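File shown here: data.cif, holding mmCIF, C-alpha atoms.
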```
data_upload
loop_
_atom_site.group_PDB
_atom_site.id
_atom_site.type_symbol
_atom_site.label_atom_id
_atom_site.label_comp_id
_atom_site.auth_asym_id
_atom_site.auth_seq_id
_atom_site.Cartn_x
_atom_site.Cartn_y
_atom_site.Cartn_z
ATOM 1 C CA MET A 1 19.784 -21.741 -31.269
ATOM 2 C CA THR A 2 17.446 -19.315 -29.517
ATOM 3 C CA ALA A 3 18.139 -17.912 -26.058
ATOM 4 C CA THR A 4 15.413 -20.147 -24.623
ATOM 5 C CA GLU A 5 16.869 -23.254 -26.284
ATOM 6 C CA HIS A 6 20.335 -22.350 -25.027
ATOM 7 C CA THR A 7 18.965 -21.868 -21.528
ATOM 8 C CA SER A 8 17.227 -25.246 -21.688
ATOM 9 C CA VAL A 9 20.498 -26.922 -22.615
ATOM 10 C CA VAL A 10 22.277 -25.174 -19.744
ATOM 11 C CA ILE A 11 19.516 -26.167 -17.341
ATOM 12 C CA ARG A 12 19.712 -29.833 -18.345
ATOM 13 C CA ALA A 13 23.496 -29.828 -18.015
ATOM 14 C CA ASN A 14 23.368 -28.197 -14.592
ATOM 15 C CA LEU A 15 20.655 -30.552 -13.377
ATOM 16 C CA ALA A 16 22.761 -33.495 -14.529
ATOM 17 C CA LYS A 17 25.666 -32.199 -12.409
ATOM 18 C CA ALA A 18 23.380 -31.789 -9.430
ATOM 19 C CA GLU A 19 22.038 -35.320 -9.878
ATOM 20 C CA THR A 20 25.620 -36.646 -9.959
ATOM 21 C CA ALA A 21 26.284 -34.892 -6.637
ATOM 22 C CA LEU A 22 23.138 -36.391 -5.138
ATOM 23 C CA LYS A 23 24.203 -39.875 -6.241
ATOM 24 C CA ALA A 24 27.568 -39.271 -4.577
ATOM 25 C CA PHE A 25 25.708 -38.395 -1.371
ATOM 26 C CA GLU A 26 23.759 -41.641 -1.616
ATOM 27 C CA THR A 27 26.949 -43.676 -2.014
ATOM 28 C CA ILE A 28 28.653 -41.971 0.925
ATOM 29 C CA GLU A 29 25.544 -42.187 3.071
ATOM 30 C CA ALA A 30 25.260 -45.907 2.376
ATOM 31 C CA GLY A 31 28.693 -46.436 3.942
ATOM 32 C CA LEU A 32 27.900 -44.493 7.115
ATOM 33 C CA ALA A 33 26.507 -47.507 8.957
ATOM 34 C CA ASP A 34 29.626 -49.557 8.255
ATOM 35 C CA LEU A 35 31.938 -46.764 9.412
ATOM 36 C CA ARG A 36 29.820 -46.215 12.516
ATOM 37 C CA THR A 37 29.908 -49.912 13.360
ATOM 38 C CA LYS A 38 33.610 -50.156 12.658
ATOM 39 C CA TYR A 39 34.886 -47.064 14.455
ATOM 40 C CA ASP A 40 32.270 -45.622 16.814
ATOM 41 C CA GLY A 41 33.550 -45.801 20.397
ATOM 42 C CA VAL A 42 36.958 -47.234 19.453
ATOM 43 C CA VAL A 43 39.725 -46.241 21.864
ATOM 44 C CA TYR A 44 43.251 -46.302 20.456
ATOM 45 C CA GLU A 45 46.479 -46.832 22.329
ATOM 46 C CA ILE A 46 47.484 -43.412 21.172
ATOM 47 C CA ALA A 47 50.503 -43.340 23.461
ATOM 48 C CA THR A 48 52.217 -46.065 21.392
ATOM 49 C CA PRO A 49 53.595 -45.580 17.870
ATOM 50 C CA LYS A 50 51.451 -48.436 16.606
ATOM 51 C CA GLY A 51 48.298 -47.060 18.207
ATOM 52 C CA MET A 52 49.016 -43.614 16.765
ATOM 53 C CA ARG A 53 49.501 -45.088 13.267
ATOM 54 C CA GLU A 54 46.222 -46.985 13.522
ATOM 55 C CA ALA A 55 44.341 -43.885 14.711
ATOM 56 C CA VAL A 56 45.794 -41.721 11.907
ATOM 57 C CA ALA A 57 45.081 -44.372 9.246
ATOM 58 C CA GLU A 58 41.526 -45.007 10.360
ATOM 59 C CA ARG A 59 40.844 -41.299 10.758
ATOM 60 C CA ALA A 60 41.886 -40.931 7.105
ATOM 61 C CA GLU A 61 39.378 -43.608 6.139
ATOM 62 C CA ILE A 62 36.640 -41.528 7.769
ATOM 63 C CA ARG A 63 37.932 -38.218 6.456
ATOM 64 C CA GLU A 64 37.926 -39.374 2.844
ATOM 65 C CA PRO A 65 34.122 -39.668 2.543
ATOM 66 C CA ARG A 66 33.799 -36.409 4.473
ATOM 67 C CA TYR A 67 36.012 -34.672 1.911
ATOM 68 C CA LYS A 68 34.029 -36.331 -0.879
ATOM 69 C CA THR A 69 30.832 -35.056 0.706
ATOM 70 C CA GLU A 70 32.104 -31.481 0.702
ATOM 71 C CA HIS A 71 33.342 -31.846 -2.881
ATOM 72 C CA ALA A 72 29.951 -33.229 -3.953
ATOM 73 C CA ARG A 73 28.176 -30.382 -2.145
ATOM 74 C CA LYS A 74 30.184 -27.769 -4.000
ATOM 75 C CA ALA A 75 29.929 -29.633 -7.302
ATOM 76 C CA GLY A 76 26.168 -30.004 -6.932
ATOM 77 C CA LYS A 77 25.504 -26.495 -5.661
ATOM 78 C CA ALA A 78 27.660 -24.616 -8.182
ATOM 79 C CA PRO A 79 25.508 -25.465 -11.227
ATOM 80 C CA LEU A 80 22.336 -24.716 -9.288
ATOM 81 C CA THR A 81 23.779 -21.337 -8.253
ATOM 82 C CA ALA A 82 24.714 -20.693 -11.869
ATOM 83 C CA LEU A 83 21.232 -21.749 -12.917
ATOM 84 C CA GLY A 84 19.726 -19.359 -10.369
ATOM 85 C CA LYS A 85 21.840 -16.498 -11.711
ATOM 86 C CA ASN A 86 20.851 -17.397 -15.252
ATOM 87 C CA ILE A 87 17.163 -17.398 -14.307
ATOM 88 C CA ASP A 88 17.548 -14.104 -12.441
ATOM 89 C CA GLY A 89 19.335 -12.564 -15.410
ATOM 90 C CA ARG A 90 16.722 -13.698 -17.901
ATOM 91 C CA ALA A 91 13.901 -12.552 -15.646
ATOM 92 C CA ALA A 92 15.551 -9.150 -15.147
ATOM 93 C CA TYR A 93 16.009 -8.710 -18.915
ATOM 94 C CA ILE A 94 12.419 -9.715 -19.701
ATOM 95 C CA THR A 95 11.059 -7.522 -16.888
ATOM 96 C CA GLU A 96 13.051 -4.544 -18.162
ATOM 97 C CA GLU A 97 11.775 -5.041 -21.705
ATOM 98 C CA LEU A 98 8.202 -5.354 -20.435
ATOM 99 C CA PHE A 99 8.595 -2.132 -18.455
ATOM 100 C CA LYS A 100 9.668 -0.390 -21.668
ATOM 101 C CA ILE A 101 6.318 -1.382 -23.181
ATOM 102 C CA GLU A 102 4.262 -0.865 -20.034
ATOM 103 C CA ASN A 103 5.678 2.453 -18.795
ATOM 104 C CA PRO A 104 4.310 4.637 -21.643
ATOM 105 C CA ILE A 105 0.839 3.200 -20.979
ATOM 106 C CA GLU A 106 1.315 3.641 -17.243
ATOM 107 C CA GLU A 107 2.262 7.280 -17.819
ATOM 108 C CA GLN A 108 -0.914 7.849 -19.839
ATOM 109 C CA ILE A 109 -3.026 6.234 -17.133
ATOM 110 C CA ALA A 110 -1.257 8.232 -14.404
ATOM 111 C CA ALA A 111 -1.748 11.470 -16.344
ATOM 112 C CA ARG A 112 -5.452 10.746 -16.790
ATOM 113 C CA LEU A 113 -5.881 9.809 -13.130
ATOM 114 C CA LYS A 114 -4.154 13.065 -12.190
ATOM 115 C CA VAL A 115 -6.605 15.027 -14.345
ATOM 116 C CA LEU A 116 -9.557 13.153 -12.833
ATOM 117 C CA ALA A 117 -8.252 13.817 -9.311
ATOM 118 C CA GLU A 118 -7.853 17.516 -10.099
ATOM 119 C CA GLU A 119 -11.348 17.678 -11.577
ATOM 120 C CA LYS A 120 -12.776 15.930 -8.526
ATOM 121 C CA ALA A 121 -10.930 18.323 -6.208
ATOM 122 C CA GLU A 122 -12.296 21.284 -8.184
ATOM 123 C CA ARG A 123 -15.840 19.910 -7.992
ATOM 124 C CA GLU A 124 -15.458 19.445 -4.257
ATOM 125 C CA ARG A 125 -14.102 22.984 -3.900
ATOM 126 C CA ILE A 126 -17.032 24.413 -5.868
ATOM 127 C CA GLU A 127 -19.507 22.366 -3.844
ATOM 128 C CA ALA A 128 -17.944 23.472 -0.544
ATOM 129 C CA GLU A 129 -18.051 27.080 -1.705
ATOM 130 C CA ARG A 130 -21.717 26.711 -2.753
ATOM 131 C CA ILE A 131 -22.691 25.314 0.647
ATOM 132 C CA ALA A 132 -20.666 27.997 2.449
ATOM 133 C CA ASN A 133 -22.464 30.716 0.476
ATOM 134 C CA ILE A 134 -25.848 29.230 1.328
ATOM 135 C CA ASP A 135 -24.849 28.966 4.996
ATOM 136 C CA ARG A 136 -23.877 32.647 4.963
ATOM 137 C CA SER A 137 -27.205 33.592 3.376
ATOM 138 C CA ILE A 138 -29.158 31.617 5.967
ATOM 139 C CA GLN A 139 -27.097 33.167 8.753
ATOM 140 C CA ALA A 140 -27.817 36.617 7.294
ATOM 141 C CA ILE A 141 -31.555 35.850 7.596
ATOM 142 C CA ARG A 142 -31.078 34.903 11.239
ATOM 143 C CA ASP A 143 -28.984 38.027 11.859
ATOM 144 C CA GLU A 144 -31.788 40.383 10.707
ATOM 145 C CA ALA A 145 -33.542 40.032 14.062
ATOM 146 C CA ALA A 146 -30.341 40.607 16.005
ATOM 147 C CA LYS A 147 -29.591 43.749 14.002
ATOM 148 C CA ALA A 148 -33.065 45.109 14.800
ATOM 149 C CA ILE A 149 -32.567 45.067 18.550
ATOM 150 C CA GLY A 150 -32.673 48.602 19.917
ATOM 151 C CA LYS A 151 -33.940 50.138 16.652
ATOM 152 C CA PRO A 152 -37.046 52.369 16.469
ATOM 153 C CA ALA A 153 -40.339 50.622 15.851
ATOM 154 C CA ILE A 154 -40.615 52.084 12.339
ATOM 155 C CA VAL A 155 -37.229 50.650 11.396
ATOM 156 C CA ILE A 156 -38.080 47.243 12.837
ATOM 157 C CA TRP A 157 -41.407 47.359 10.980
ATOM 158 C CA ALA A 158 -39.602 48.027 7.685
ATOM 159 C CA ILE A 159 -37.234 45.108 8.286
ATOM 160 C CA LEU A 160 -40.179 42.899 9.219
ATOM 161 C CA GLU A 161 -42.138 43.800 6.106
ATOM 162 C CA THR A 162 -39.101 43.172 3.914
ATOM 163 C CA MET A 163 -38.624 39.796 5.591
ATOM 164 C CA LYS A 164 -42.282 38.885 5.014
ATOM 165 C CA GLU A 165 -42.040 39.746 1.329
ATOM 166 C CA SER A 166 -38.881 37.741 0.805
ATOM 167 C CA HIS A 167 -38.972 33.960 0.336
ATOM 168 C CA PRO A 168 -35.987 31.625 -0.015
ATOM 169 C CA ASP A 169 -35.910 30.515 -3.643
ATOM 170 C CA GLU A 170 -34.348 27.611 -5.568
ATOM 171 C CA SER A 171 -30.898 29.104 -5.093
ATOM 172 C CA TYR A 172 -30.915 27.550 -1.610
ATOM 173 C CA ALA A 173 -31.294 24.140 -3.278
ATOM 174 C CA GLU A 174 -31.522 21.350 -0.709
ATOM 175 C CA PHE A 175 -31.251 23.940 2.092
ATOM 176 C CA GLN A 176 -34.379 25.827 1.024
ATOM 177 C CA THR A 177 -36.405 24.383 3.901
ATOM 178 C CA VAL A 178 -33.701 25.374 6.385
ATOM 179 C CA ALA A 179 -33.712 28.898 4.972
ATOM 180 C CA GLU A 180 -37.514 29.052 5.218
ATOM 181 C CA GLU A 181 -37.358 27.991 8.859
ATOM 182 C CA ALA A 182 -34.727 30.678 9.543
ATOM 183 C CA ARG A 183 -37.007 33.280 7.859
ATOM 184 C CA ASN A 184 -40.005 32.226 9.953
ATOM 185 C CA GLU A 185 -37.942 32.375 13.143
ATOM 186 C CA ALA A 186 -36.671 35.827 12.167
ATOM 187 C CA ILE A 187 -40.222 37.047 11.446
ATOM 188 C CA THR A 188 -41.393 35.769 14.825
ATOM 189 C CA ARG A 189 -38.512 37.484 16.576
ATOM 190 C CA LEU A 190 -38.926 40.742 14.608
ATOM 191 C CA THR A 191 -42.659 40.776 15.355
ATOM 192 C CA GLN A 192 -41.869 40.474 19.036
ATOM 193 C CA LEU A 193 -39.223 43.208 18.823
ATOM 194 C CA HIS A 194 -41.599 45.489 16.924
ATOM 195 C CA GLY A 195 -44.323 45.026 19.543
ATOM 196 C CA ASP A 196 -41.840 45.718 22.318
ATOM 197 C CA ALA A 197 -40.566 48.852 20.526
ATOM 198 C CA VAL A 198 -44.113 50.178 19.934
ATOM 199 C CA LYS A 199 -44.983 49.685 23.590
ATOM 200 C CA ALA A 200 -41.727 51.271 24.744
ATOM 201 C CA GLU A 201 -42.244 54.290 22.494
ATOM 202 C CA ALA A 202 -45.873 54.652 23.626
ATOM 203 C CA ASP A 203 -44.745 54.615 27.232
#
```
So, in terms of structure tokens, how does the structure I just supplied come out?
Amino acid sequence: MTATEHTSVVIRANLAKAETALKAFETIEAGLADLRTKYDGVVYEIATPKGMREAVAERAEIREPRYKTEHARKAGKAPLTALGKNIDGRAAYITEELFKIENPIEEQIAARLKVLAEEKAERERIEAERIANIDRSIQAIRDEAAKAIGKPAIVIWAILETMKESHPDESYAEFQTVAEEARNEAITRLTQLHGDAVKAEAD
């Protein structure tokens, strides 16, 4: 007999016990109306020996089905609890065996995802560094005019001529237009500074 077949047999046996308990409930429940009609609201002459005997005897008649109810509850619940434990145990065993098969694959996937994440992080680092370098180059173009302030006209003229001869190339990539605008602004500013320096020196 396989484990599954054995479990099926156990399940059927436990369900049969539970059904027996439910039938016991039905029998006891069917007698509730009669007991309620017979005893509900009855007042006994409890102060007399006879009244006490009647109260004790009739209480016993009510207690008996109550005890049977509790017995049926335990008898019906026990196999279901056992069945639940059996199901939990089987599920835990199967899950553990599946993990043994799955985990090596999961480890391979996790290792690959780790590599991909590291590669992505490296690409992002390189890209950030590329943009930072371009930003520094563009800022250096803008700084040429600031560095020329206060210099002799001949020096400013040399810087201006160098700036005119230089053109942002493909190394600026998508920022080439921005670099060109910075160059034009620098040329405009240097031209103004050169004119001011020539005038000041002439004066």
Separating atom CA of Lys147 of chain A from atom CA of Thr188 of chain A, to the nearest tenth of an Å, is a gap of 14.3 Å
Nearest to Ala82 of chain A: which of A:Gln176, A:Ala13, A:Ala153, A:Asp169 is it, counting only C-alpha atoms?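 Of A:Gln176, A:Ala13, A:Ala153, A:Asp169, the one nearest Ala82 of chain A, counting only C-alpha atoms, is A:Ala13.
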Selection result of the PyMOL selection byres ((chain A and resi 25) around 12) on this file, as an MDAnalysis selection string: chainID A and resid 18:24 26:32 65:76
I'd like the contact shell of Ser137 of chain A - 12 Å cut-off, all atoms listed in the file, skipping same-chain residues fewer than 3 positions apart - returned as a PyMOL selection string. chain A and resi 130-134+140-144+168-169+171-172+175-176+178-180+182-183
Take the residues from that selection and write them out as a compact mmCIF listing (two decimals), keeping the file's coordinate frame, keeping C-alpha atoms.
```txt
# COMPACT_ATOMS: atom_id res chain seq x y z
CA ARG A 130 -21.72 26.71 -2.75
CA ILE A 131 -22.69 25.31 0.65
CA ALA A 132 -20.67 28.00 2.45
CA ASN A 133 -22.46 30.72 0.48
CA ILE A 134 -25.85 29.23 1.33
CA ALA A 140 -27.82 36.62 7.29
CA ILE A 141 -31.56 35.85 7.60
CA ARG A 142 -31.08 34.90 11.24
CA ASP A 143 -28.98 38.03 11.86
CA GLU A 144 -31.79 40.38 10.71
CA PRO A 168 -35.99 31.62 -0.02
CA ASP A 169 -35.91 30.52 -3.64
CA SER A 171 -30.90 29.10 -5.09
CA TYR A 172 -30.92 27.55 -1.61
CA PHE A 175 -31.25 23.94 2.09
CA GLN A 176 -34.38 25.83 1.02
CA VAL A 178 -33.70 25.37 6.38
CA ALA A 179 -33.71 28.90 4.97
CA GLU A 180 -37.51 29.05 5.22
CA ALA A 182 -34.73 30.68 9.54
CA ARG A 183 -37.01 33.28 7.86
```
Emit as AutoDock Vina command-line options the padded axis-aligned box for all listed atoms of segment 56-69 of chain A, 5 Å per side, with centre and edge lengths in Å to one decimal.
```
--center_x 38.3 --center_y -39.8 --center_z 5.5 --size_x 25.0 --size_y 20.3 --size_z 22.8
```
What is the atom CA of Glu64 of chain A to atom CA of Leu35 of chain A distance in Å?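 Between atom CA of Glu64 of chain A and atom CA of Leu35 of chain A the gap works out to 11.6 Å.
The gap separating atom CA of Thr95 of chain A from atom CA of Thr2 of chain A is 18.4 Å, in Å to one decimal.
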Using only C-alpha atoms, the residue out of A:Ala158, A:Ala146, A:Ala200, A:Ile109 with shortest distance to Ala186 of chain A is A:Ala146
Run the PyMOL selection byres ((chain A and resi 55-60) around 9) against the file shown and list the residues it catches, as a list in words. Tyr39, Val43, Tyr44, Glu45, Ile46, Lys50, Gly51, Met52, Arg53, Glu54, Glu61, Ile62, Arg63 and Glu64 of chain A
Option closest in space to Ser8 of chain A, from A:Ile87, A:Leu193, A:Glu107, A:Glu127 [counting only C-alpha atoms]: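 Under the stated criterion, the closest residue is A:Ile87.
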